[in-house]
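This is entry.pdb. It holds PDB, C-alpha atoms.
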ATOM      1  CA  MET A1307       0.000   0.000   0.000
ATOM      2  CA  SER A1308       1.260   3.508  -0.795
ATOM      3  CA  HIS A1309       2.651   5.548   2.081
ATOM      4  CA  HIS A1310       2.303   8.875   0.284
ATOM      5  CA  PRO A1311       1.063  11.527   2.788
ATOM      6  CA  THR A1312      -1.849  12.478   0.533
ATOM      7  CA  THR A1313      -2.957   8.867   0.248
ATOM      8  CA  ARG A1314      -2.797   8.442   4.023
ATOM      9  CA  GLY A1315      -4.670  11.709   4.471
ATOM     10  CA  LEU A1316      -7.425  10.575   2.103
ATOM     11  CA  LEU A1317      -7.806   7.284   3.987
ATOM     12  CA  VAL A1318      -8.065   9.127   7.317
ATOM     13  CA  ALA A1319     -10.554  11.572   5.783
ATOM     14  CA  LEU A1320     -12.626   8.636   4.556
ATOM     15  CA  VAL A1321     -12.733   7.259   8.108
ATOM     16  CA  ALA A1322     -13.885  10.685   9.325
ATOM     17  CA  ALA A1323     -16.619  10.987   6.689
ATOM     18  CA  THR A1324     -17.887   7.462   7.327
ATOM     19  CA  SER A1325     -18.006   7.913  11.098
ATOM     20  CA  PHE A1326     -19.535  11.414  10.866
ATOM     21  CA  GLY A1327     -22.201  10.041   8.543
ATOM     22  CA  VAL A1328     -23.523   7.452  11.015
ATOM     23  CA  SER A1329     -24.532  10.109  13.551
ATOM     24  CA  GLY A1330     -27.897  10.770  11.905
ATOM     25  CA  ALA A1331     -28.971   7.134  12.247
ATOM     26  CA  LEU A1332     -27.788   6.971  15.880
ATOM     27  CA  VAL A1333     -29.195  10.300  17.066
ATOM     28  CA  LYS A1334     -32.506  10.077  15.211
ATOM     29  CA  PRO A1335     -34.170   7.878  17.913
ATOM     30  CA  LEU A1336     -33.313  10.502  20.542
ATOM     31  CA  LEU A1337     -34.641  13.374  18.424
ATOM     32  CA  GLU A1338     -37.846  11.444  17.790
ATOM     33  CA  GLY A1339     -38.239  11.277  21.575
ATOM     34  CA  ASP A1340     -37.979  14.264  23.900
ATOM     35  CA  TRP A1341     -34.451  15.343  23.048
ATOM     36  CA  SER A1342     -33.836  18.694  21.394
ATOM     37  CA  PRO A1343     -30.992  18.873  18.849
ATOM     38  CA  ALA A1344     -28.956  21.260  21.033
ATOM     39  CA  ALA A1345     -29.180  18.962  24.055
ATOM     40  CA  ALA A1346     -28.219  15.913  21.983
ATOM     41  CA  VAL A1347     -25.253  17.742  20.469
ATOM     42  CA  THR A1348     -24.087  18.927  23.904
ATOM     43  CA  VAL A1349     -24.105  15.446  25.448
ATOM     44  CA  ARG A1350     -22.593  13.981  22.305
ATOM     45  CA  ALA A1351     -19.722  16.493  22.386
ATOM     46  CA  LEU A1352     -19.211  15.849  26.108
ATOM     47  CA  VAL A1353     -18.947  12.095  25.575
ATOM     48  CA  GLY A1354     -16.622  12.538  22.612
ATOM     49  CA  GLY A1355     -14.393  14.994  24.446
ATOM     50  CA  LEU A1356     -14.112  12.775  27.532
ATOM     51  CA  VAL A1357     -13.276   9.736  25.397
ATOM     52  CA  LEU A1358     -10.394  11.681  23.832
ATOM     53  CA  VAL A1359      -8.976  12.981  27.155
ATOM     54  CA  PRO A1360      -6.539  10.087  27.821
ATOM     55  CA  PHE A1361      -5.329  10.125  24.213
ATOM     56  CA  ALA A1362      -4.883  13.894  24.303
ATOM     57  CA  LEU A1363      -2.947  13.762  27.594
ATOM     58  CA  ARG A1364      -0.662  11.093  26.210
ATOM     59  CA  ALA A1365      -0.036  13.091  23.037
ATOM     60  CA  LEU A1366       0.673  16.210  25.114
ATOM     61  CA  ARG A1367       3.210  14.644  27.465
ATOM     62  CA  GLY A1368       5.905  17.216  28.151
ATOM     63  CA  ARG A1369       4.255  19.925  26.054
ATOM     64  CA  ARG A1370       0.964  20.804  27.716
ATOM     65  CA  ARG A1371       1.845  24.481  27.388
ATOM     66  CA  THR A1372       0.873  24.138  23.738
ATOM     67  CA  LEU A1373      -2.764  24.181  24.884
ATOM     68  CA  TRP A1374      -2.286  27.773  26.044
ATOM     69  CA  THR A1375      -0.151  28.680  23.051
ATOM     70  CA  ALA A1376      -2.886  27.397  20.723
ATOM     71  CA  ARG A1377      -5.752  28.866  22.786
ATOM     72  CA  TRP A1378      -7.152  30.960  19.930
ATOM     73  CA  ARG A1379      -7.196  28.000  17.571
ATOM     74  CA  ILE A1380      -8.934  25.871  20.218
ATOM     75  CA  LEU A1381     -11.472  28.628  20.853
ATOM     76  CA  GLY A1382     -12.115  28.892  17.121
ATOM     77  CA  MET A1383     -12.594  25.138  16.835
ATOM     78  CA  ALA A1384     -15.070  25.170  19.734
ATOM     79  CA  VAL A1385     -17.085  28.214  18.700
ATOM     80  CA  VAL A1386     -17.001  27.662  14.931
ATOM     81  CA  GLY A1387     -16.402  23.949  14.393
ATOM     82  CA  VAL A1388     -18.465  22.496  17.236
ATOM     83  CA  VAL A1389     -21.080  25.163  18.027
ATOM     84  CA  GLY A1390     -21.473  27.480  15.035
ATOM     85  CA  THR A1391     -22.221  24.843  12.412
ATOM     86  CA  GLN A1392     -24.721  23.138  14.745
ATOM     87  CA  VAL A1393     -26.648  26.139  15.990
ATOM     88  CA  PHE A1394     -27.024  27.851  12.623
ATOM     89  CA  TYR A1395     -27.857  24.601  10.824
ATOM     90  CA  PHE A1396     -30.662  23.851  13.277
ATOM     91  CA  ALA A1397     -31.852  27.457  13.075
ATOM     92  CA  ALA A1398     -32.052  26.950   9.315
ATOM     93  CA  VAL A1399     -33.985  23.657   9.358
ATOM     94  CA  ARG A1400     -36.614  25.229  11.595
ATOM     95  CA  ARG A1401     -37.505  27.565   8.718
ATOM     96  CA  ILE A1402     -36.515  25.855   5.460
ATOM     97  CA  PRO A1403     -36.523  22.228   4.189
ATOM     98  CA  VAL A1404     -33.758  19.974   5.557
ATOM     99  CA  GLY A1405     -32.424  19.155   2.091
ATOM    100  CA  THR A1406     -32.103  22.826   1.210
ATOM    101  CA  ALA A1407     -30.252  23.585   4.455
ATOM    102  CA  ILE A1408     -27.810  20.696   3.895
ATOM    103  CA  LEU A1409     -27.216  21.729   0.286
ATOM    104  CA  ILE A1410     -26.334  25.289   1.281
ATOM    105  CA  GLU A1411     -24.115  24.284   4.227
ATOM    106  CA  TYR A1412     -22.151  21.767   2.190
ATOM    107  CA  MET A1413     -21.296  24.347  -0.436
ATOM    108  CA  ALA A1414     -18.426  25.189   1.945
ATOM    109  CA  PRO A1415     -15.744  23.686  -0.368
ATOM    110  CA  LEU A1416     -16.862  25.994  -3.165
ATOM    111  CA  LEU A1417     -16.639  28.928  -0.754
ATOM    112  CA  LEU A1418     -13.042  27.960   0.078
ATOM    113  CA  VAL A1419     -12.151  27.847  -3.613
ATOM    114  CA  ALA A1420     -13.755  31.259  -4.171
ATOM    115  CA  VAL A1421     -12.060  32.875  -1.173
ATOM    116  CA  ALA A1422      -8.666  31.460  -2.194
ATOM    117  CA  TRP A1423      -9.243  32.894  -5.680
ATOM    118  CA  VAL A1424      -9.869  36.347  -4.187
ATOM    119  CA  VAL A1425      -7.028  36.188  -1.636
ATOM    120  CA  THR A1426      -4.369  34.907  -4.044
ATOM    121  CA  ARG A1427      -5.774  36.762  -7.085
ATOM    122  CA  ARG A1428      -5.027  33.601  -9.014
ATOM    123  CA  ARG A1429      -7.664  31.583 -10.834
ATOM    124  CA  PRO A1430      -7.835  27.982  -9.570
ATOM    125  CA  ALA A1431      -6.651  25.301 -11.961
ATOM    126  CA  ALA A1432      -9.218  24.023 -14.438
ATOM    127  CA  VAL A1433      -9.267  20.599 -12.752
ATOM    128  CA  VAL A1434     -10.265  22.271  -9.464
ATOM    129  CA  LEU A1435     -13.121  24.196 -11.076
ATOM    130  CA  ILE A1436     -14.307  21.067 -12.891
ATOM    131  CA  GLY A1437     -14.052  19.042  -9.685
ATOM    132  CA  ALA A1438     -16.015  21.667  -7.763
ATOM    133  CA  ALA A1439     -18.814  21.636 -10.348
ATOM    134  CA  VAL A1440     -18.968  17.825 -10.510
ATOM    135  CA  ALA A1441     -18.929  17.457  -6.710
ATOM    136  CA  ALA A1442     -21.638  20.117  -6.315
ATOM    137  CA  GLY A1443     -23.787  18.277  -8.859
ATOM    138  CA  GLY A1444     -23.238  15.024  -6.968
ATOM    139  CA  LEU A1445     -24.234  16.681  -3.705
ATOM    140  CA  LEU A1446     -27.431  17.932  -5.331
ATOM    141  CA  LEU A1447     -28.296  14.376  -6.430
ATOM    142  CA  VAL A1448     -27.604  12.875  -2.998
ATOM    143  CA  VAL A1449     -29.550  15.486  -1.068
ATOM    144  CA  SER A1450     -32.344  16.009  -3.623
ATOM    145  CA  PRO A1451     -33.787  19.055  -1.849
ATOM    146  CA  SER A1452     -37.537  19.359  -2.151
ATOM    147  CA  GLY A1453     -38.946  22.187  -4.143
ATOM    148  CA  GLY A1454     -41.747  22.484  -1.613
ATOM    149  CA  GLY A1455     -41.562  24.420   1.581
ATOM    150  CA  ARG A1456     -41.223  28.109   2.244
ATOM    151  CA  LEU A1457     -37.774  29.564   1.586
ATOM    152  CA  ASP A1458     -37.709  31.867   4.591
ATOM    153  CA  PRO A1459     -35.001  34.590   4.303
ATOM    154  CA  ILE A1460     -33.867  34.061   7.903
ATOM    155  CA  GLY A1461     -33.619  30.315   7.290
ATOM    156  CA  LEU A1462     -31.562  30.861   4.152
ATOM    157  CA  ALA A1463     -29.308  33.318   5.987
ATOM    158  CA  SER A1464     -28.823  30.821   8.844
ATOM    159  CA  ALA A1465     -27.862  28.091   6.365
ATOM    160  CA  ALA A1466     -25.399  30.475   4.716
ATOM    161  CA  VAL A1467     -23.772  31.215   8.096
ATOM    162  CA  ALA A1468     -23.576  27.461   8.732
ATOM    163  CA  MET A1469     -21.766  27.160   5.390
ATOM    164  CA  VAL A1470     -19.269  29.829   6.435
ATOM    165  CA  CYS A1471     -18.722  28.063   9.767
ATOM    166  CA  CYS A1472     -18.198  24.756   7.976
ATOM    167  CA  ALA A1473     -15.585  26.326   5.685
ATOM    168  CA  ALA A1474     -13.905  28.023   8.644
ATOM    169  CA  TYR A1475     -13.747  24.675  10.455
ATOM    170  CA  PHE A1476     -11.519  23.243   7.731
ATOM    171  CA  VAL A1477      -9.327  26.361   7.688
ATOM    172  CA  ILE A1478      -8.878  26.206  11.476
ATOM    173  CA  ALA A1479      -8.155  22.478  11.359
ATOM    174  CA  ALA A1480      -5.533  22.968   8.632
ATOM    175  CA  ARG A1481      -3.693  25.808  10.354
ATOM    176  CA  PRO A1482      -0.319  24.974  11.910
ATOM    177  CA  THR A1483       0.356  25.717  15.574
ATOM    178  CA  GLU A1484       3.269  25.027  17.884
ATOM    179  CA  GLY A1485       3.071  21.262  18.073
ATOM    180  CA  LEU A1486      -0.553  20.873  19.167
ATOM    181  CA  PRO A1487      -1.531  17.276  18.275
ATOM    182  CA  PRO A1488      -4.784  16.923  16.294
ATOM    183  CA  VAL A1489      -6.293  14.680  18.987
ATOM    184  CA  ALA A1490      -5.642  17.391  21.580
ATOM    185  CA  LEU A1491      -7.270  20.032  19.385
ATOM    186  CA  ALA A1492     -10.300  17.783  18.900
ATOM    187  CA  CYS A1493     -10.555  17.030  22.633
ATOM    188  CA  ALA A1494     -10.158  20.621  23.796
ATOM    189  CA  GLY A1495     -12.458  21.953  21.085
ATOM    190  CA  LEU A1496     -15.221  19.495  21.970
ATOM    191  CA  LEU A1497     -15.049  20.124  25.728
ATOM    192  CA  LEU A1498     -14.950  23.898  25.313
ATOM    193  CA  GLY A1499     -17.762  23.583  22.802
ATOM    194  CA  VAL A1500     -19.857  21.834  25.465
ATOM    195  CA  VAL A1501     -19.518  24.899  27.677
ATOM    196  CA  VAL A1502     -20.533  27.236  24.863
ATOM    197  CA  LEU A1503     -23.466  25.003  23.861
ATOM    198  CA  ALA A1504     -24.666  24.862  27.457
ATOM    199  CA  ILE A1505     -24.570  28.661  27.682
ATOM    200  CA  VAL A1506     -26.442  28.976  24.381
ATOM    201  CA  GLY A1507     -29.071  26.505  25.579
ATOM    202  CA  LEU A1508     -29.483  28.030  29.033
ATOM    203  CA  ALA A1509     -29.810  31.459  27.462
ATOM    204  CA  GLY A1510     -32.795  30.146  25.502
ATOM    205  CA  LEU A1511     -31.264  30.885  22.113
ATOM    206  CA  VAL A1512     -32.140  27.329  20.991
ATOM    207  CA  PRO A1513     -34.593  24.746  22.409
ATOM    208  CA  TYR A1514     -32.873  22.674  25.108
ATOM    209  CA  THR A1515     -34.682  19.572  26.374
ATOM    210  CA  ALA A1516     -33.580  16.025  27.222
ATOM    211  CA  SER A1517     -35.139  12.808  28.530
ATOM    212  CA  THR A1518     -34.003   9.587  30.207
ATOM    213  CA  ALA A1519     -36.893   7.614  28.694
ATOM    214  CA  PRO A1520     -36.022   4.484  26.665
ATOM    215  CA  VAL A1521     -35.795   4.897  22.893
ATOM    216  CA  GLU A1522     -36.376   2.684  19.865
ATOM    217  CA  LEU A1523     -33.071   1.820  18.204
ATOM    218  CA  PHE A1524     -33.015  -0.415  15.121
ATOM    219  CA  GLY A1525     -36.323  -2.064  16.050
ATOM    220  CA  ALA A1526     -35.523  -2.679  19.722
ATOM    221  CA  THR A1527     -36.162  -0.684  22.890
ATOM    222  CA  THR A1528     -32.986   0.413  24.646
ATOM    223  CA  ALA A1529     -31.754   2.922  27.226
ATOM    224  CA  TRP A1530     -31.180   6.461  25.977
ATOM    225  CA  TRP A1531     -27.464   6.312  26.754
ATOM    226  CA  VAL A1532     -26.803   3.432  24.319
ATOM    227  CA  PRO A1533     -27.190   5.461  21.093
ATOM    228  CA  MET A1534     -25.657   8.493  22.809
ATOM    229  CA  LEU A1535     -22.567   6.526  23.818
ATOM    230  CA  ALA A1536     -22.255   5.128  20.299
ATOM    231  CA  VAL A1537     -22.563   8.535  18.638
ATOM    232  CA  GLY A1538     -20.184  10.054  21.188
ATOM    233  CA  VAL A1539     -17.456   7.496  20.552
ATOM    234  CA  VAL A1540     -17.840   6.741  16.840
ATOM    235  CA  ALA A1541     -19.394   9.834  15.297
ATOM    236  CA  THR A1542     -17.757  12.416  17.566
ATOM    237  CA  ALA A1543     -14.471  11.312  19.166
ATOM    238  CA  ILE A1544     -13.224   9.252  16.236
ATOM    239  CA  SER A1545     -14.695  11.483  13.535
ATOM    240  CA  TYR A1546     -13.411  14.828  14.865
ATOM    241  CA  ALA A1547      -9.942  13.453  15.634
ATOM    242  CA  ALA A1548      -9.746  11.827  12.206
ATOM    243  CA  SER A1549     -11.108  14.882  10.410
ATOM    244  CA  ILE A1550      -8.607  17.296  11.999
ATOM    245  CA  THR A1551      -5.760  14.852  11.365
ATOM    246  CA  ALA A1552      -6.748  14.470   7.707
ATOM    247  CA  THR A1553      -7.094  18.221   7.240
ATOM    248  CA  THR A1554      -3.566  18.869   8.552
ATOM    249  CA  MET A1555      -2.337  16.356   5.960
ATOM    250  CA  LEU A1556      -4.474  17.391   2.990
ATOM    251  CA  GLY A1557      -5.049  21.096   3.459
ATOM    252  CA  SER A1558      -8.417  22.760   3.909
ATOM    253  CA  ARG A1559      -9.533  22.630   0.260
ATOM    254  CA  LEU A1560      -9.073  18.938  -0.503
ATOM    255  CA  ALA A1561     -10.235  17.918   2.994
ATOM    256  CA  SER A1562     -13.434  19.933   2.582
ATOM    257  CA  PHE A1563     -14.233  18.189  -0.709
ATOM    258  CA  VAL A1564     -13.632  14.768   0.850
ATOM    259  CA  GLY A1565     -15.958  15.919   3.636
ATOM    260  CA  LEU A1566     -18.804  15.914   1.086
ATOM    261  CA  LEU A1567     -18.723  12.126   1.380
ATOM    262  CA  GLU A1568     -20.323  12.586   4.806
ATOM    263  CA  VAL A1569     -23.585  13.290   2.995
ATOM    264  CA  ALA A1570     -23.342  10.112   0.928
ATOM    265  CA  ALA A1571     -22.260   8.107   3.989
ATOM    266  CA  ALA A1572     -25.277   9.380   5.933
ATOM    267  CA  ALA A1573     -27.612   8.218   3.181
ATOM    268  CA  LEU A1574     -25.888   4.821   3.080
ATOM    269  CA  TRP A1575     -26.034   4.360   6.863
ATOM    270  CA  ALA A1576     -29.712   5.379   6.902
ATOM    271  CA  TRP A1577     -30.370   2.705   4.283
ATOM    272  CA  ILE A1578     -28.409   0.016   6.147
ATOM    273  CA  LEU A1579     -29.482   0.795   9.716
ATOM    274  CA  LEU A1580     -32.889   2.458   9.369
ATOM    275  CA  GLY A1581     -34.209   0.866   6.190
ATOM    276  CA  GLU A1582     -34.663   4.245   4.498
ATOM    277  CA  SER A1583     -34.761   4.263   0.711
ATOM    278  CA  LEU A1584     -31.567   4.692  -1.288
ATOM    279  CA  THR A1585     -32.231   5.754  -4.860
ATOM    280  CA  LEU A1586     -30.197   5.278  -8.004
ATOM    281  CA  LEU A1587     -29.795   9.048  -8.279
ATOM    282  CA  GLN A1588     -28.252   9.152  -4.798
ATOM    283  CA  GLY A1589     -25.821   6.432  -5.841
ATOM    284  CA  LEU A1590     -24.885   8.408  -8.940
ATOM    285  CA  GLY A1591     -24.500  11.490  -6.771
ATOM    286  CA  GLY A1592     -22.048   9.679  -4.519
ATOM    287  CA  ALA A1593     -20.063   8.593  -7.569
ATOM    288  CA  ALA A1594     -20.030  12.188  -8.841
ATOM    289  CA  ILE A1595     -18.681  13.422  -5.488
ATOM    290  CA  LEU A1596     -15.869  10.872  -5.737
ATOM    291  CA  ALA A1597     -15.133  12.042  -9.273
ATOM    292  CA  GLY A1598     -15.052  15.650  -8.103
ATOM    293  CA  ILE A1599     -12.599  14.766  -5.323
ATOM    294  CA  ALA A1600     -10.387  13.011  -7.871
ATOM    295  CA  PHE A1601     -10.325  16.153 -10.042
ATOM    296  CA  VAL A1602      -9.427  18.377  -7.080
ATOM    297  CA  ARG A1603      -6.705  15.992  -5.925
ATOM    298  CA  SER A1604      -5.138  15.962  -9.386
ATOM    299  CA  ASP A1605      -4.264  19.663  -9.057
ATOM    300  CA  ARG A1606      -0.474  19.852  -8.929
ATOM    301  CA  GLU A1607      -0.179  23.582  -8.225
ATOM    302  CA  GLY A1608       0.112  23.236  -4.478
ATOM    303  CA  ARG A1609      -2.486  24.286  -1.936
ATOM    304  CA  PRO A1610      -3.394  27.938  -2.644
ATOM    305  CA  GLU A1611      -6.426  27.624  -0.396
ATOM    306  CA  ASP A1612      -4.046  27.747   2.558
ATOM    307  CA  ALA A1613      -3.596  31.411   1.713
ATOM    308  CA  VAL A1614      -6.944  31.813   3.455
ATOM    309  CA  ALA A1615      -5.344  30.588   6.667
ATOM    310  CA  GLU A1616      -2.308  32.789   6.125
ATOM    311  CA  ALA A1617      -4.531  35.822   5.630
ATOM    312  CA  ALA A1618      -6.497  34.905   8.744
ATOM    313  CA  SER A1619      -3.286  34.922  10.783
ATOM    314  CA  ASP A1620      -3.197  38.684  10.350
ATOM    315  CA  ILE A1621      -6.510  38.957  12.195
ATOM    316  CA  GLY A1622      -5.852  37.072  15.433
ATOM    317  CA  PRO A1623      -2.848  36.200  17.599
ATOM    318  CA  VAL A1624      -2.596  32.570  16.527
ATOM    319  CA  PRO A1625       1.001  31.272  16.542
ATOM    320  CA  GLN A1626       2.492  29.607  13.516
ATOM    321  CA  ALA A1627       4.685  26.511  13.209
ATOM    322  CA  ALA A1628       5.144  23.447  11.067
ATOM    323  CA  PRO A1629       2.118  21.140  10.868
ATOM    324  CA  ALA A1630       2.162  18.038  13.049
ATOM    325  CA  PRO A1631       0.374  15.170  11.300
ATOM    326  CA  ALA A1632      -1.399  13.128  13.889
ATOM    327  CA  VAL A1633     -10.338  14.914  13.078
ATOM    328  CA  GLY A1634     -16.200  17.094  11.065
ATOM    329  CA  THR A1635     -20.094  19.335   9.714
ATOM    330  CA  PRO A1636     -20.939  19.175   9.738
ATOM    331  CA  ASP A1637     -22.434  15.367   9.193
ATOM    332  CA  ALA A1638     -25.177  15.150   6.820
ATOM    333  CA  ALA A1639     -28.113  12.925   6.224
ATOM    334  CA  PRO A1640     -30.657  12.473   3.466
ATOM    335  CA  PRO A1641     -33.813  14.604   3.514
ATOM    336  CA  GLY A1642     -35.958  13.791   6.510
ATOM    337  CA  ALA A1643     -33.068  12.671   8.725
ATOM    338  CA  SER A1644     -31.562  14.897  11.396
ATOM    339  CA  VAL A1645     -27.953  15.915  11.075
ATOM    340  CA  GLU A1646     -25.426  17.003  13.677
ATOM    341  CA  ARG A1647     -21.762  17.599  13.421
TER     342      ARG A1647
END
Take the structure from the file and write it as structure tokens.
Amino acid sequence: MSHHPTTRGLLVALVAATSFGVSGALVKPLLEGDWSPAAAVTVRALVGGLVLVPFALRALRGRRRTLWTARWRILGMAVVGVVGTQVFYFAAVRRIPVGTAILIEYMAPLLLVAVAWVVTRRRPAAVVLIGAAVAAGGLLLVVSPSGGGRLDPIGLASAAVAMVCCAAYFVIAARPTEGLPPVALACAGLLLGVVVLAIVGLAGLVPYTASTAPVELFGATTAWWVPMLAVGVVATAISYAASITATTMLGSRLASFVGLLEVAAAALWAWILLGESLTLLQGLGGAAILAGIAFVRSDREGRPEDAVAEAASDIGPVPQAAPAPAVGTPDAAPPGASVER
């Protein structure tokens, strides 16, 4: 098997997309009960962060000061990567169809390409533009947003902010800091995100309810903590750590395009675990996303999208250093299924 860094990064990103994608199937029983999305996301992030604590402490042995050095990056990961994408996505789906909200949020890779174009004043390579168009078309086929439903301006604006947060997540994950391991960034970001989510919920900015009643999971009645533990370990701890690791290896642009596979993975998991329909068009959409990723990867002109991160360094006091290869959207699910990142 090839040991090329890009190949390894793509494999890690595939693990992240697959694990992110299963969250919809695992959390759906809770949301169909008395759990609000914000409460489910908070507990999920708490479980994921606690699971990563021992791994983060081991990775930080002898260099725990890097947590303070990288404090602005950790804060950005918590506020933008853990909280921002969630809160604004759920604000959007309260006003516009789920498929439309997902489609807008997952246009984040195209936003990264556009911003890099403006920052560098250099047109992206033709293969990147072709890949972006093919991947966007594939996303449209997988999501198949309904033409029905009222396109509320506030809902559309919330989805657009979620898209910006999703793009910023990949930029933050790709930025180098002084030796902060990806698993430590994922752990600290999740735990700090729990605090922010709790404040948002207690302030009444989003509905915040939970229940200890049993739930129906895959045709059987089980305790509420069973799906929550599964989503916390698989679709939070593993997925965020893998996603951040992959992004440090691939750069924000390529990692964001691979992240589109989360949408296809969510549809596949919903078909396998929940018995939801999986159409031929969705299958073709998944294939188109893969083709788009292949086009973007074939670009040999470097990673100009990282100019976005370099430009951002002029805004905040985030230290710079060489990346340390070792960890999220936002997940996505097909129309009708709830999505949390």
Counting all atoms listed in the file, which residues of stretch 1527-1578 of chain A fall within 12 Å of stretch 1501-1517 of chain A, and what is the closest atom pair for each with its distance in Å at one decimal, ordered by chain and rising number, as a Markdown table?
| residue | atom | partner | partner_atom | distance |
| --- | --- | --- | --- | --- |
| A:Ala1529 | CA | A:Ser1517 | CA | 10.5 |
| A:Trp1530 | CA | A:Ser1517 | CA | 7.9 |
| A:Trp1531 | CA | A:Ser1517 | CA | 10.2 |
| A:Met1534 | CA | A:Ala1516 | CA | 11.8 |
- Could you state which residues are captured by the PyMOL selection byres ((chain A and resi 1500) around 10) in this file, as a list in words?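 Selected by the PyMOL selection byres ((chain A and resi 1500) around 10) in this file: Ala1345, Val1347, Thr1348, Val1349, Arg1350, Ala1351, Leu1352, Val1353, Gly1355, Ala1384, Val1385, Val1388, Val1389, Ala1494, Gly1495, Leu1496, Leu1497, Leu1498, Gly1499, Val1501, Val1502, Leu1503, Ala1504, Ile1505 and Val1506 of chain A.
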How about saving the chosen residues, C-alpha atoms kept, as a PDB file, keeping the file's coordinate frame?
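Now in part.pdb:
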ATOM      1  CA  ALA A1345     -29.180  18.962  24.055  1.00  0.00           C
ATOM      2  CA  VAL A1347     -25.253  17.742  20.469  1.00  0.00           C
ATOM      3  CA  THR A1348     -24.087  18.927  23.904  1.00  0.00           C
ATOM      4  CA  VAL A1349     -24.105  15.446  25.448  1.00  0.00           C
ATOM      5  CA  ARG A1350     -22.593  13.981  22.305  1.00  0.00           C
ATOM      6  CA  ALA A1351     -19.722  16.493  22.386  1.00  0.00           C
ATOM      7  CA  LEU A1352     -19.211  15.849  26.108  1.00  0.00           C
ATOM      8  CA  VAL A1353     -18.947  12.095  25.575  1.00  0.00           C
ATOM      9  CA  GLY A1355     -14.393  14.994  24.446  1.00  0.00           C
ATOM     10  CA  ALA A1384     -15.070  25.170  19.734  1.00  0.00           C
ATOM     11  CA  VAL A1385     -17.085  28.214  18.700  1.00  0.00           C
ATOM     12  CA  VAL A1388     -18.465  22.496  17.236  1.00  0.00           C
ATOM     13  CA  VAL A1389     -21.080  25.163  18.027  1.00  0.00           C
ATOM     14  CA  ALA A1494     -10.158  20.621  23.796  1.00  0.00           C
ATOM     15  CA  GLY A1495     -12.458  21.953  21.085  1.00  0.00           C
ATOM     16  CA  LEU A1496     -15.221  19.495  21.970  1.00  0.00           C
ATOM     17  CA  LEU A1497     -15.049  20.124  25.728  1.00  0.00           C
ATOM     18  CA  LEU A1498     -14.950  23.898  25.313  1.00  0.00           C
ATOM     19  CA  GLY A1499     -17.762  23.583  22.802  1.00  0.00           C
ATOM     20  CA  VAL A1501     -19.518  24.899  27.677  1.00  0.00           C
ATOM     21  CA  VAL A1502     -20.533  27.236  24.863  1.00  0.00           C
ATOM     22  CA  LEU A1503     -23.466  25.003  23.861  1.00  0.00           C
ATOM     23  CA  ALA A1504     -24.666  24.862  27.457  1.00  0.00           C
ATOM     24  CA  ILE A1505     -24.570  28.661  27.682  1.00  0.00           C
ATOM     25  CA  VAL A1506     -26.442  28.976  24.381  1.00  0.00           C
TER      26      VAL A1506
END
Given the file shown, enumerate the residues that the PyMOL selection byres ((chain A and resi 1536-1549) around 9) captures and present them as a compact mmCIF listing (two decimals) with C-alpha atoms, keeping the file's coordinate frame.
# COMPACT_ATOMS: atom_id res chain seq x y z
CA VAL A 1318 -8.06 9.13 7.32
CA ALA A 1319 -10.55 11.57 5.78
CA LEU A 1320 -12.63 8.64 4.56
CA VAL A 1321 -12.73 7.26 8.11
CA ALA A 1322 -13.88 10.68 9.32
CA ALA A 1323 -16.62 10.99 6.69
CA THR A 1324 -17.89 7.46 7.33
CA SER A 1325 -18.01 7.91 11.10
CA PHE A 1326 -19.54 11.41 10.87
CA GLY A 1327 -22.20 10.04 8.54
CA VAL A 1328 -23.52 7.45 11.02
CA SER A 1329 -24.53 10.11 13.55
CA GLY A 1330 -27.90 10.77 11.90
CA LEU A 1332 -27.79 6.97 15.88
CA VAL A 1333 -29.20 10.30 17.07
CA VAL A 1349 -24.10 15.45 25.45
CA ARG A 1350 -22.59 13.98 22.30
CA ALA A 1351 -19.72 16.49 22.39
CA LEU A 1352 -19.21 15.85 26.11
CA VAL A 1353 -18.95 12.10 25.58
CA GLY A 1354 -16.62 12.54 22.61
CA GLY A 1355 -14.39 14.99 24.45
CA LEU A 1356 -14.11 12.78 27.53
CA VAL A 1357 -13.28 9.74 25.40
CA LEU A 1358 -10.39 11.68 23.83
CA PHE A 1476 -11.52 23.24 7.73
CA ALA A 1479 -8.15 22.48 11.36
CA PRO A 1488 -4.78 16.92 16.29
CA VAL A 1489 -6.29 14.68 18.99
CA ALA A 1490 -5.64 17.39 21.58
CA LEU A 1491 -7.27 20.03 19.39
CA ALA A 1492 -10.30 17.78 18.90
CA CYS A 1493 -10.56 17.03 22.63
CA LEU A 1496 -15.22 19.50 21.97
CA TRP A 1531 -27.46 6.31 26.75
CA VAL A 1532 -26.80 3.43 24.32
CA PRO A 1533 -27.19 5.46 21.09
CA MET A 1534 -25.66 8.49 22.81
CA LEU A 1535 -22.57 6.53 23.82
CA ILE A 1550 -8.61 17.30 12.00
CA THR A 1551 -5.76 14.85 11.36
CA ALA A 1552 -6.75 14.47 7.71
CA THR A 1553 -7.09 18.22 7.24
CA THR A 1554 -3.57 18.87 8.55
CA ALA A 1561 -10.24 17.92 2.99
CA GLY A 1565 -15.96 15.92 3.64
CA ALA A 1632 -1.40 13.13 13.89
CA VAL A 1633 -10.34 14.91 13.08
CA GLY A 1634 -16.20 17.09 11.06
CA ASP A 1637 -22.43 15.37 9.19
CA ARG A 1647 -21.76 17.60 13.42
- Message: Suppose a student applies the PyMOL selection byres ((chain A and resi 1437) around 7) to this structure; what residues should they get, written as a PyMOL selection string?
- Response: chain A and resi 1433-1436+1438-1441+1598-1599+1601-1602
Applying 6 Å and all atoms listed in the file, which residues near stretch 1392-1396 of chain A remain after dropping the ones on its own chain fewer than 4 positions away? List them as a PDB file with C-alpha atoms, in the frame of the given file.
ATOM      1  CA  SER A1464     -28.823  30.821   8.844  1.00  0.00           C
ATOM      2  CA  ALA A1465     -27.862  28.091   6.365  1.00  0.00           C
ATOM      3  CA  ALA A1468     -23.576  27.461   8.732  1.00  0.00           C
TER       4      ALA A1468
END
